[in-house]
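*Asks:* Before I ask anything, let me first share the structure, which is written out below as structure tokens.
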Amino acid sequence: MPIQTTVSVLPEAPADAALLALPYDAELNPKVELPVPVAALLAHYEAKGEAGEIVEVPVTRGDAVGRVLLYGVGDGSPRALRKAAAGLTRRARGKQELTVVLPPGDAAVFAEAALLAAYTFKIGGQGTPPVAALTLAGADEPAVRRGEAVAQAVALARDLTNTPSSTKNPAWLAEQAAATGLEAKVWEEDALRADGFGGILAVGQGSVHPPRLIQLSYTPEGAERHVVLVGKGITFDSGGLSLKPTDNMKTQKTDMAGGAVVIAVMGALAAMGSRVRVTGLIAAAENMPSGTAQRPGDVITHYGGTTVEVTNTDAEGRLVLADALAYADAVLDPDAMVDIATLTGAISVALGRSIGAVYSSADELADELVEAGARSDDRLWRMPLIEDYRPALDSPIADMQNADVGGRYGAGSITAALFLREFTGKRPWAHLDIAGVGRSTVDEGTLTKGATGFGVRVLLDWLTGS
Ligand code: BES
Ligand code: MN
Ligand code: ZN
């Protein structure tokens, strides 16, 4: 479900708002009468002015009691504004309305974070709903609408990713992609076979829900650059015959988070005025064990002819991505390709849950993505493609193997990236491993438990920012 909270912008806050939030520097708002002067109140509560800090003050509203929320904004940086904004809509859960007087700074960032903290995903059941109406006073309206567009795109990615796998098979994902309204092309099984997408077919062959390759096209007039985005769309990853243990399997409905990000980004490009031509590819399959599943030891032929010995059917993400990357390189003639995938458990060991990994064969592209990540708050850390580990992928019988048998080389996220690199030709390419950041275990700040939509903000910033 998209974010339910509606946003409006007013030049000034009505002084009688039932729930009114003011930055600590409340002299900006002489109209609001507090029972005790602000400075005395803040001293009384030993408020430090940190972002996320909120002091609640009851005020009279006719015969009723209203409430003013005095909030800290820390150093006023975008990061601090995000924290402050998220704290406010979290505090206003269950309320009809919240009016916020904005501090100086980026209103887009403020609106985006306030709305992300108001995201919920529920299929029936109870719980406190997010604040119904948010009024931002003194804000720049176009900036607020930009922030809202970004937040709704993140919400779409979260929704697709939070949806149970009983609903979201590959065909369903293709329908959701088509619902963006963009030009869509979908390869069903016969077409995948005819065109030689051996990786996607092999991963999907154990499931009763057949695989799909989904292509979305955004073609603005006069575009000078063409970017291809590739998303991993494993609608459930059981591991296949290399079956995952129960604990590792229970979160694997989110293994199409990369594909969800690609759909959500593609859907937001037009409204956000991207001047770049973008093609989105989502390689969708369900990785299941069965009598028709691929076996460890099978050799498959990828799009373009590279043969791979499947030493571990749980290293399936790289198999579906390899087909899509090889196709993009051979057919779409992009200036750059970026793939995004919940690819390896190893990356959450290395970087944890707060920062995503970027690997790249092109320094400039890597720098652009790291900078877009810092601006947008989808933070990225560049990881190295260590050549010494490339032999981990040598197979005695095929061009490559998909997993390092026995883990001789370690570095599971790096070897996965090295595998993908083989399918990117000479194109500038970047790979985002979001297995650590794709899911949140906490409801905190702009994050909600479950899918995070990580990747939407950094890619939208990169494709539509300055
Ligand atoms: N989808 C998983 C990676 C993953 C793990 C995502 C945990 C989110 C949370 C991926 O397909 C996988 O199983 N990777 C294996 C690769 C290994 C078999 C070489 C892994 O990381 O263990
Ligand atoms: Mn797997
Ligand atoms: Zn997977």
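Starting from 1 in every chain, residues are counted up; chains themselves are A, B, ... following the order of the structure tokens, and ligands are numbered from 1 as listed.
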Mind checking which residues fall within 12 Å of Glu221 in chain A, counting only C-alpha atoms, ignoring those fewer than 5 positions away in the same chain, and posting them as a PyMOL selection string?
*Replies:* chain A and resi 226+270+273-278
*Asks:* Need the shell around range 243-252 of chain A: protein/DNA/RNA residues with any atom at most 10 Å away, counting only C-alpha atoms. Skip same-chain ones fewer than 3 positions apart. Format as an NGL selection string?
*Replies:* :A and (161-162 or 164-165 or 234-240 or 255-257 or 287-289 or 312-314 or 342 or 345 or 439 or 450-451)
*Asks:* Report the distance between CA of Ala149 in chain A and CA of Ala268 in chain A in Å, rounded to one decimal place.
*Replies:*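 Here the two named atoms are 7.2 Å from each other.
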*Asks:* As a ChimeraX atom specification, which residues of range 153-373 of chain A does DSSP assign to strand (DSSP E)?
*Replies:* /A:183-187,212-218,226-237,277-287,299-301,307-309,336-341,356-360
*Asks:* I'd like to know which of A:Val358, A:Ile340, A:Leu136, A:Val57 is closest to Val9 in chain A, using only C-alpha atoms.
*Replies:*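 That would be A:Leu136, the residue with the smallest distance to Val9 in chain A.
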*Asks:* Tell me, as a short mmCIF file (atom, residue, chain, number, x, y, z; two decimals) with N, CA and C atoms, in the first residue's frame, which residues lie within 12 Å of range 188-197 of chain A, counting only C-alpha atoms; anything in the same chain fewer than 3 positions away does not count.
*Replies:*
```cif
data_model
loop_
_atom_site.label_atom_id
_atom_site.label_comp_id
_atom_site.auth_asym_id
_atom_site.auth_seq_id
_atom_site.Cartn_x
_atom_site.Cartn_y
_atom_site.Cartn_z
N PRO A 170 6.85 -14.88 -10.52
CA PRO A 170 7.42 -14.06 -11.60
C PRO A 170 6.37 -13.40 -12.50
N ALA A 171 5.28 -14.10 -12.80
CA ALA A 171 4.25 -13.51 -13.66
C ALA A 171 3.61 -12.30 -12.98
N ALA A 174 5.82 -9.35 -13.25
CA ALA A 174 5.73 -8.76 -14.59
C ALA A 174 4.50 -7.85 -14.68
N LYS A 185 8.22 -5.22 -22.10
CA LYS A 185 8.37 -6.44 -22.89
C LYS A 185 8.65 -7.56 -21.91
N ILE A 200 18.34 -17.96 -16.43
CA ILE A 200 17.01 -17.68 -15.87
C ILE A 200 16.16 -18.95 -15.91
N LEU A 201 16.24 -19.68 -17.03
CA LEU A 201 15.47 -20.92 -17.16
C LEU A 201 15.91 -21.96 -16.13
N ALA A 202 17.23 -22.11 -15.95
CA ALA A 202 17.73 -23.14 -15.04
C ALA A 202 17.28 -22.86 -13.60
N VAL A 203 17.37 -21.60 -13.18
CA VAL A 203 16.98 -21.27 -11.81
C VAL A 203 15.48 -21.48 -11.62
N GLY A 204 14.69 -21.17 -12.67
CA GLY A 204 13.25 -21.25 -12.53
C GLY A 204 12.66 -22.64 -12.76
N GLN A 205 13.46 -23.58 -13.22
CA GLN A 205 12.88 -24.85 -13.70
C GLN A 205 12.35 -25.75 -12.59
N VAL A 208 6.74 -24.46 -10.02
CA VAL A 208 5.54 -24.53 -10.85
C VAL A 208 5.19 -23.14 -11.41
N HIS A 209 5.85 -22.11 -10.88
CA HIS A 209 5.63 -20.75 -11.40
C HIS A 209 6.80 -20.40 -12.31
N PRO A 210 6.60 -20.42 -13.63
CA PRO A 210 7.72 -20.27 -14.55
C PRO A 210 8.37 -18.88 -14.48
N PRO A 211 9.64 -18.81 -14.89
CA PRO A 211 10.39 -17.55 -14.80
C PRO A 211 9.99 -16.56 -15.89
N ARG A 212 10.44 -15.33 -15.71
CA ARG A 212 10.20 -14.26 -16.68
C ARG A 212 11.42 -13.36 -16.74
N LEU A 213 11.66 -12.80 -17.93
CA LEU A 213 12.56 -11.63 -18.01
C LEU A 213 11.68 -10.45 -18.38
N ILE A 214 11.80 -9.39 -17.61
CA ILE A 214 10.93 -8.23 -17.78
C ILE A 214 11.77 -7.03 -18.20
N GLN A 215 11.33 -6.35 -19.25
CA GLN A 215 12.07 -5.16 -19.70
C GLN A 215 11.14 -3.96 -19.72
N ALA A 283 15.17 -9.83 -13.80
CA ALA A 283 15.33 -11.26 -14.06
C ALA A 283 14.61 -12.01 -12.95
N ALA A 284 13.42 -12.54 -13.28
CA ALA A 284 12.52 -13.07 -12.25
C ALA A 284 12.40 -14.58 -12.33
N ALA A 285 12.58 -15.23 -11.18
CA ALA A 285 12.41 -16.69 -11.10
C ALA A 285 12.18 -17.05 -9.64
N ILE A 300 25.08 -25.22 -17.44
CA ILE A 300 24.08 -24.43 -18.16
C ILE A 300 24.78 -23.50 -19.15
N THR A 301 24.04 -23.05 -20.14
CA THR A 301 24.59 -22.11 -21.12
C THR A 301 23.84 -20.79 -21.02
N HIS A 302 24.60 -19.74 -20.70
CA HIS A 302 23.99 -18.42 -20.52
C HIS A 302 23.71 -17.75 -21.86
N TYR A 303 22.94 -16.68 -21.81
CA TYR A 303 22.74 -15.83 -22.98
C TYR A 303 24.13 -15.44 -23.50
N GLY A 304 24.36 -15.65 -24.79
CA GLY A 304 25.65 -15.31 -25.37
C GLY A 304 26.63 -16.46 -25.41
N GLY A 305 26.31 -17.58 -24.71
CA GLY A 305 27.09 -18.79 -24.91
C GLY A 305 28.04 -19.22 -23.80
N THR A 306 28.26 -18.39 -22.79
CA THR A 306 29.15 -18.79 -21.70
C THR A 306 28.55 -19.98 -20.95
N THR A 307 29.37 -21.02 -20.70
CA THR A 307 28.88 -22.18 -19.96
C THR A 307 29.30 -22.10 -18.51
N LEU A 319 23.24 -16.26 -11.51
CA LEU A 319 22.87 -16.96 -12.75
C LEU A 319 21.82 -16.19 -13.53
N VAL A 320 20.83 -15.65 -12.83
CA VAL A 320 19.79 -14.89 -13.56
C VAL A 320 20.31 -13.53 -14.01
N LEU A 321 21.16 -12.92 -13.16
CA LEU A 321 21.72 -11.60 -13.52
C LEU A 321 22.67 -11.71 -14.71
N ALA A 322 23.42 -12.82 -14.78
CA ALA A 322 24.39 -13.00 -15.87
C ALA A 322 23.68 -12.94 -17.22
N ASP A 323 22.55 -13.63 -17.34
CA ASP A 323 21.79 -13.58 -18.59
C ASP A 323 21.39 -12.15 -18.95
N ALA A 324 20.86 -11.43 -17.96
CA ALA A 324 20.35 -10.08 -18.23
C ALA A 324 21.50 -9.13 -18.59
N LEU A 325 22.63 -9.25 -17.90
CA LEU A 325 23.77 -8.39 -18.20
C LEU A 325 24.32 -8.68 -19.60
N ALA A 326 24.43 -9.97 -19.92
CA ALA A 326 24.96 -10.35 -21.23
C ALA A 326 24.04 -9.85 -22.35
N TYR A 327 22.74 -9.94 -22.12
CA TYR A 327 21.77 -9.45 -23.09
C TYR A 327 21.88 -7.92 -23.24
N VAL A 331 22.80 -6.39 -26.84
CA VAL A 331 21.66 -5.89 -27.61
C VAL A 331 21.33 -4.42 -27.34
#
```
*Asks:* Near Thr135 in chain A, within 7 Å and counting only C-alpha atoms, which residues show up once chain neighbours fewer than 4 positions away are dropped, as a list in words?
*Replies:*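 After dropping sequence-adjacent residues, the list is Val7, Ser8, Val9, Leu10, Leu98, Thr99 and Val100 of chain A.
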*Asks:* Using N, CA and C atoms, can you write the selected residues to a file as an mmCIF file, in the first residue's frame?
*Replies:*
```
data_model
loop_
_atom_site.group_PDB
_atom_site.id
_atom_site.type_symbol
_atom_site.label_atom_id
_atom_site.label_comp_id
_atom_site.auth_asym_id
_atom_site.auth_seq_id
_atom_site.Cartn_x
_atom_site.Cartn_y
_atom_site.Cartn_z
ATOM 1 N N VAL A 7 -0.021 15.049 2.127
ATOM 2 C CA VAL A 7 0.854 16.175 2.449
ATOM 3 C C VAL A 7 0.299 17.451 1.834
ATOM 4 N N SER A 8 0.194 18.513 2.637
ATOM 5 C CA SER A 8 -0.122 19.808 2.048
ATOM 6 C C SER A 8 0.880 20.847 2.544
ATOM 7 N N VAL A 9 0.960 21.931 1.798
ATOM 8 C CA VAL A 9 1.930 22.978 2.128
ATOM 9 C C VAL A 9 1.177 24.273 2.365
ATOM 10 N N LEU A 10 1.498 24.957 3.466
ATOM 11 C CA LEU A 10 0.909 26.265 3.768
ATOM 12 C C LEU A 10 2.033 27.268 3.986
ATOM 13 N N LEU A 98 -0.970 16.489 11.645
ATOM 14 C CA LEU A 98 0.252 17.041 12.232
ATOM 15 C C LEU A 98 0.671 18.222 11.366
ATOM 16 N N THR A 99 0.867 19.364 12.020
ATOM 17 C CA THR A 99 1.369 20.527 11.297
ATOM 18 C C THR A 99 2.802 20.783 11.743
ATOM 19 N N VAL A 100 3.682 20.923 10.783
ATOM 20 C CA VAL A 100 5.097 21.113 11.123
ATOM 21 C C VAL A 100 5.597 22.426 10.543
#
```
*Asks:* Can you pull out every residue within 10 Å of Asp25 in chain A, counting only C-alpha atoms, but drop anything in the same chain fewer than 4 positions away, and send it as a PyMOL selection string?
*Replies:* chain A and resi 29+38-39+49+70-73+103
*Asks:* Mind writing the picked residues with all heavy atoms as a PDB file, in the first residue's frame?
*Replies:*
```
ATOM      1  N   ASN A  29       8.086  31.713  15.568  1.00  0.00           N
ATOM      2  CA  ASN A  29       6.637  31.558  15.518  1.00  0.00           C
ATOM      3  C   ASN A  29       5.965  32.291  16.674  1.00  0.00           C
ATOM      4  O   ASN A  29       5.428  31.663  17.573  1.00  0.00           O
ATOM      5  CB  ASN A  29       6.287  30.074  15.572  1.00  0.00           C
ATOM      6  CG  ASN A  29       7.121  29.309  14.576  1.00  0.00           C
ATOM      7  OD1 ASN A  29       6.784  29.278  13.409  1.00  0.00           O
ATOM      8  ND2 ASN A  29       8.213  28.744  15.042  1.00  0.00           N
ATOM      9  N   VAL A  38       9.807  29.289  25.932  1.00  0.00           N
ATOM     10  CA  VAL A  38      10.488  28.132  25.332  1.00  0.00           C
ATOM     11  C   VAL A  38      11.804  27.815  26.028  1.00  0.00           C
ATOM     12  O   VAL A  38      12.080  26.665  26.371  1.00  0.00           O
ATOM     13  CB  VAL A  38      10.770  28.396  23.832  1.00  0.00           C
ATOM     14  CG1 VAL A  38      11.573  27.265  23.240  1.00  0.00           C
ATOM     15  CG2 VAL A  38       9.484  28.589  23.082  1.00  0.00           C
ATOM     16  N   ALA A  39      12.586  28.838  26.246  1.00  0.00           N
ATOM     17  CA  ALA A  39      13.919  28.594  26.812  1.00  0.00           C
ATOM     18  C   ALA A  39      13.801  27.903  28.173  1.00  0.00           C
ATOM     19  O   ALA A  39      14.540  26.960  28.472  1.00  0.00           O
ATOM     20  CB  ALA A  39      14.677  29.909  26.944  1.00  0.00           C
ATOM     21  N   GLY A  49      18.833  19.628  22.084  1.00  0.00           N
ATOM     22  CA  GLY A  49      18.718  20.123  20.710  1.00  0.00           C
ATOM     23  C   GLY A  49      19.153  19.116  19.670  1.00  0.00           C
ATOM     24  O   GLY A  49      19.350  19.452  18.511  1.00  0.00           O
ATOM     25  N   LEU A  70       8.011  20.475  20.459  1.00  0.00           N
ATOM     26  CA  LEU A  70       9.240  21.225  20.165  1.00  0.00           C
ATOM     27  C   LEU A  70      10.286  20.198  19.754  1.00  0.00           C
ATOM     28  O   LEU A  70      10.500  19.212  20.457  1.00  0.00           O
ATOM     29  CB  LEU A  70       9.697  21.980  21.409  1.00  0.00           C
ATOM     30  CG  LEU A  70       8.708  23.037  21.914  1.00  0.00           C
ATOM     31  CD1 LEU A  70       9.141  23.552  23.277  1.00  0.00           C
ATOM     32  CD2 LEU A  70       8.579  24.186  20.918  1.00  0.00           C
ATOM     33  N   TYR A  71      10.894  20.423  18.595  1.00  0.00           N
ATOM     34  CA  TYR A  71      11.830  19.380  18.126  1.00  0.00           C
ATOM     35  C   TYR A  71      13.220  19.913  17.824  1.00  0.00           C
ATOM     36  O   TYR A  71      13.390  21.022  17.334  1.00  0.00           O
ATOM     37  CB  TYR A  71      11.248  18.620  16.924  1.00  0.00           C
ATOM     38  CG  TYR A  71      11.095  19.400  15.638  1.00  0.00           C
ATOM     39  CD1 TYR A  71      12.083  19.331  14.656  1.00  0.00           C
ATOM     40  CD2 TYR A  71       9.961  20.175  15.377  1.00  0.00           C
ATOM     41  CE1 TYR A  71      11.942  20.011  13.451  1.00  0.00           C
ATOM     42  CE2 TYR A  71       9.824  20.858  14.192  1.00  0.00           C
ATOM     43  CZ  TYR A  71      10.815  20.772  13.236  1.00  0.00           C
ATOM     44  OH  TYR A  71      10.680  21.450  12.045  1.00  0.00           O
ATOM     45  N   GLY A  72      14.203  19.084  18.147  1.00  0.00           N
ATOM     46  CA  GLY A  72      15.601  19.430  17.875  1.00  0.00           C
ATOM     47  C   GLY A  72      15.946  19.150  16.428  1.00  0.00           C
ATOM     48  O   GLY A  72      15.362  18.261  15.807  1.00  0.00           O
ATOM     49  N   VAL A  73      16.885  19.912  15.879  1.00  0.00           N
ATOM     50  CA  VAL A  73      17.321  19.660  14.499  1.00  0.00           C
ATOM     51  C   VAL A  73      18.832  19.466  14.428  1.00  0.00           C
ATOM     52  O   VAL A  73      19.414  19.505  13.340  1.00  0.00           O
ATOM     53  CB  VAL A  73      16.891  20.789  13.530  1.00  0.00           C
ATOM     54  CG1 VAL A  73      15.384  20.811  13.396  1.00  0.00           C
ATOM     55  CG2 VAL A  73      17.413  22.130  13.969  1.00  0.00           C
ATOM     56  N   PRO A 103      12.322  23.831   9.741  1.00  0.00           N
ATOM     57  CA  PRO A 103      13.545  24.597   9.987  1.00  0.00           C
ATOM     58  C   PRO A 103      14.145  25.000   8.645  1.00  0.00           C
ATOM     59  O   PRO A 103      13.717  24.478   7.610  1.00  0.00           O
ATOM     60  CB  PRO A 103      14.434  23.575  10.693  1.00  0.00           C
ATOM     61  CG  PRO A 103      13.994  22.260  10.155  1.00  0.00           C
ATOM     62  CD  PRO A 103      12.531  22.384   9.840  1.00  0.00           C
TER      63      PRO A 103
END
```
*Asks:* Out of A:Tyr359, A:Leu269, A:Leu385, A:Lys253, which residue has the shortest atom-to-atom distance to ligand 3 when counting only C-alpha atoms and all ligand atoms?
*Replies:*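 Going through A:Tyr359, A:Leu269, A:Leu385, A:Lys253 one by one, the smallest distance to ligand 3 is for A:Lys253.
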*Asks:* Excluding range 110-114 of chain A and any residue of its chain fewer than 3 positions from it, enumerate the residues within 8 Å of it, using only C-alpha atoms, and give them as a list in words.
*Replies:*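 Once the adjacent positions are removed, what remains is Pro78, Leu81, Arg82, Lys83, Ala85, Ala86, Gly87, Leu88, Thr89, Asp106, Ala107, Ala117, Ala118, Val144, Gly147, Glu148, Val150, Ala151, Gly445 and Thr446 of chain A.
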*Asks:* Could you write those residues out with C-alpha atoms, as a compact mmCIF listing (two decimals), in the first residue's frame?
*Replies:*
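For reference, part-v2.txt as written:
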```txt
# COMPACT_ATOMS: atom_id res chain seq x y z
CA PRO A 78 20.28 16.73 5.73
CA LEU A 81 16.73 16.87 9.24
CA ARG A 82 15.82 13.33 8.20
CA LYS A 83 16.11 12.11 11.75
CA ALA A 85 11.31 14.60 10.45
CA ALA A 86 11.05 10.83 10.92
CA GLY A 87 10.77 11.30 14.69
CA LEU A 88 7.85 13.68 14.25
CA THR A 89 5.65 11.48 12.07
CA ASP A 106 16.18 21.05 2.37
CA ALA A 107 12.37 20.64 2.47
CA ALA A 117 8.66 6.93 8.69
CA ALA A 118 4.88 6.85 8.09
CA VAL A 144 8.10 18.92 -0.91
CA GLY A 147 10.45 14.45 -1.60
CA GLU A 148 6.98 12.95 -1.76
CA VAL A 150 10.84 9.77 -3.89
CA ALA A 151 9.10 8.48 -0.75
CA GLY A 445 13.94 6.61 11.77
CA THR A 446 13.03 6.29 8.10
```
*Asks:* Residues near Val154 in chain A, anyone? I mean within 7 Å using only C-alpha atoms, not counting same-chain ones fewer than 3 positions away, as a JSON list (two decimals) with N, CA, C and O atoms, in the first residue's frame.
*Replies:*
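What follows is the written file result_26.json:
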```json
[["chain", "number", "residue", "atom", "x", "y", "z"],
["A", 150, "VAL", "N", 9.79, 10.74, -4.26],
["A", 150, "VAL", "CA", 10.84, 9.77, -3.89],
["A", 150, "VAL", "C", 10.30, 8.80, -2.83],
["A", 150, "VAL", "O", 10.48, 7.58, -2.95],
["A", 151, "ALA", "N", 9.62, 9.34, -1.82],
["A", 151, "ALA", "CA", 9.10, 8.48, -0.75],
["A", 151, "ALA", "C", 8.09, 7.47, -1.30],
["A", 151, "ALA", "O", 8.09, 6.30, -0.90],
["A", 157, "ALA", "N", 8.64, 0.04, -3.77],
["A", 157, "ALA", "CA", 9.65, -1.03, -3.68],
["A", 157, "ALA", "C", 9.44, -1.84, -2.40],
["A", 157, "ALA", "O", 9.53, -3.07, -2.41],
["A", 158, "ARG", "N", 9.14, -1.16, -1.29],
["A", 158, "ARG", "CA", 8.89, -1.88, -0.04],
["A", 158, "ARG", "C", 7.67, -2.78, -0.17],
["A", 158, "ARG", "O", 7.67, -3.92, 0.29],
["A", 264, "ALA", "N", 10.41, 0.32, -9.22],
["A", 264, "ALA", "CA", 10.02, 1.58, -8.56],
["A", 264, "ALA", "C", 10.77, 2.78, -9.14],
["A", 264, "ALA", "O", 10.18, 3.85, -9.35],
["A", 453, "GLY", "N", 13.50, -0.87, 0.71],
["A", 453, "GLY", "CA", 13.52, -0.13, -0.57],
["A", 453, "GLY", "C", 14.88, 0.48, -0.85],
["A", 453, "GLY", "O", 15.00, 1.39, -1.69],
["A", 456, "VAL", "N", 16.45, 2.72, -4.17],
["A", 456, "VAL", "CA", 15.57, 3.63, -4.92],
["A", 456, "VAL", "C", 16.12, 5.05, -4.84],
["A", 456, "VAL", "O", 16.24, 5.75, -5.85]]
```
*Asks:* Go through A:Ala341, A:Val405, A:Ala155, A:Ala392 one by one, measure the shortest atom-to-atom distance of each to ligand 3 using only C-alpha atoms and all ligand atoms, and give the residue with the smallest value.
*Replies:*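 Once distances to ligand 3 are computed over only C-alpha atoms and all ligand atoms, the minimum belongs to A:Ala341.
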*Asks:* I need the helix (DSSP H, G or I) residues of range 87-139 of chain A per DSSP on the backbone, written as a list in words.
*Replies:*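 Result set for range 87-139 of chain A (helix (DSSP H, G or I)): Gly87, Leu88, Thr89, Arg90, Arg91, Ala107, Ala108, Val109, Phe110, Ala111, Glu112, Ala113, Ala114, Leu115 and Leu116 of chain A.
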*Asks:* Output the selection as an mmCIF file, in the first residue's frame - C-alpha atoms for each residue.
*Replies:*
```
data_model
loop_
_atom_site.group_PDB
_atom_site.id
_atom_site.type_symbol
_atom_site.label_atom_id
_atom_site.label_comp_id
_atom_site.auth_asym_id
_atom_site.auth_seq_id
_atom_site.Cartn_x
_atom_site.Cartn_y
_atom_site.Cartn_z
ATOM 1 C CA GLY A 87 10.775 11.297 14.685
ATOM 2 C CA LEU A 88 7.847 13.679 14.254
ATOM 3 C CA THR A 89 5.653 11.477 12.074
ATOM 4 C CA ARG A 90 6.476 8.522 14.296
ATOM 5 C CA ARG A 91 5.298 10.521 17.314
ATOM 6 C CA ALA A 107 12.371 20.645 2.466
ATOM 7 C CA ALA A 108 12.557 17.715 0.011
ATOM 8 C CA VAL A 109 14.672 15.746 2.434
ATOM 9 C CA PHE A 110 12.373 16.661 5.328
ATOM 10 C CA ALA A 111 9.184 15.602 3.518
ATOM 11 C CA GLU A 112 10.754 12.404 2.201
ATOM 12 C CA ALA A 113 11.901 11.269 5.639
ATOM 13 C CA ALA A 114 8.642 12.250 7.361
ATOM 14 C CA LEU A 115 6.710 10.134 4.851
ATOM 15 C CA LEU A 116 9.068 7.155 4.916
#
```
*Asks:* Between CA of Ala84 in chain A and CA of Glu53 in chain A, what is the spacing in Å?
*Replies:*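 CA of Glu53 in chain A sits 7.3 Å away from CA of Ala84 in chain A.
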*Asks:* Nearest to Gly62 in chain A: which of A:Ala15, A:Thr5, A:Val36, A:Asn169 is it, counting only C-alpha atoms?
*Replies:* A:Ala15
*Asks:* When you draw a straight line from CA of Leu102 in chain A to CA of Gly465 in chain A, how long is it in Å?
*Replies:*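 CA of Gly465 in chain A lies 22.7 Å from CA of Leu102 in chain A.
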*Asks:* Could you check the closest approach to Pro428 in chain A for each of A:Ala336, A:Leu156, A:Ala416, A:Val442 and tell me which residue wins, using only C-alpha atoms?
*Replies:*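 Going through A:Ala336, A:Leu156, A:Ala416, A:Val442 one by one, the smallest distance to Pro428 in chain A is for A:Ala336.
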*Asks:* Between A:Gly455, A:Gly267, A:Gly94, A:Gly233, which has the minimum distance to ligand 3 (counting only C-alpha atoms and all ligand atoms)?
*Replies:*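 Among the listed residues, A:Gly233 lies closest to ligand 3.
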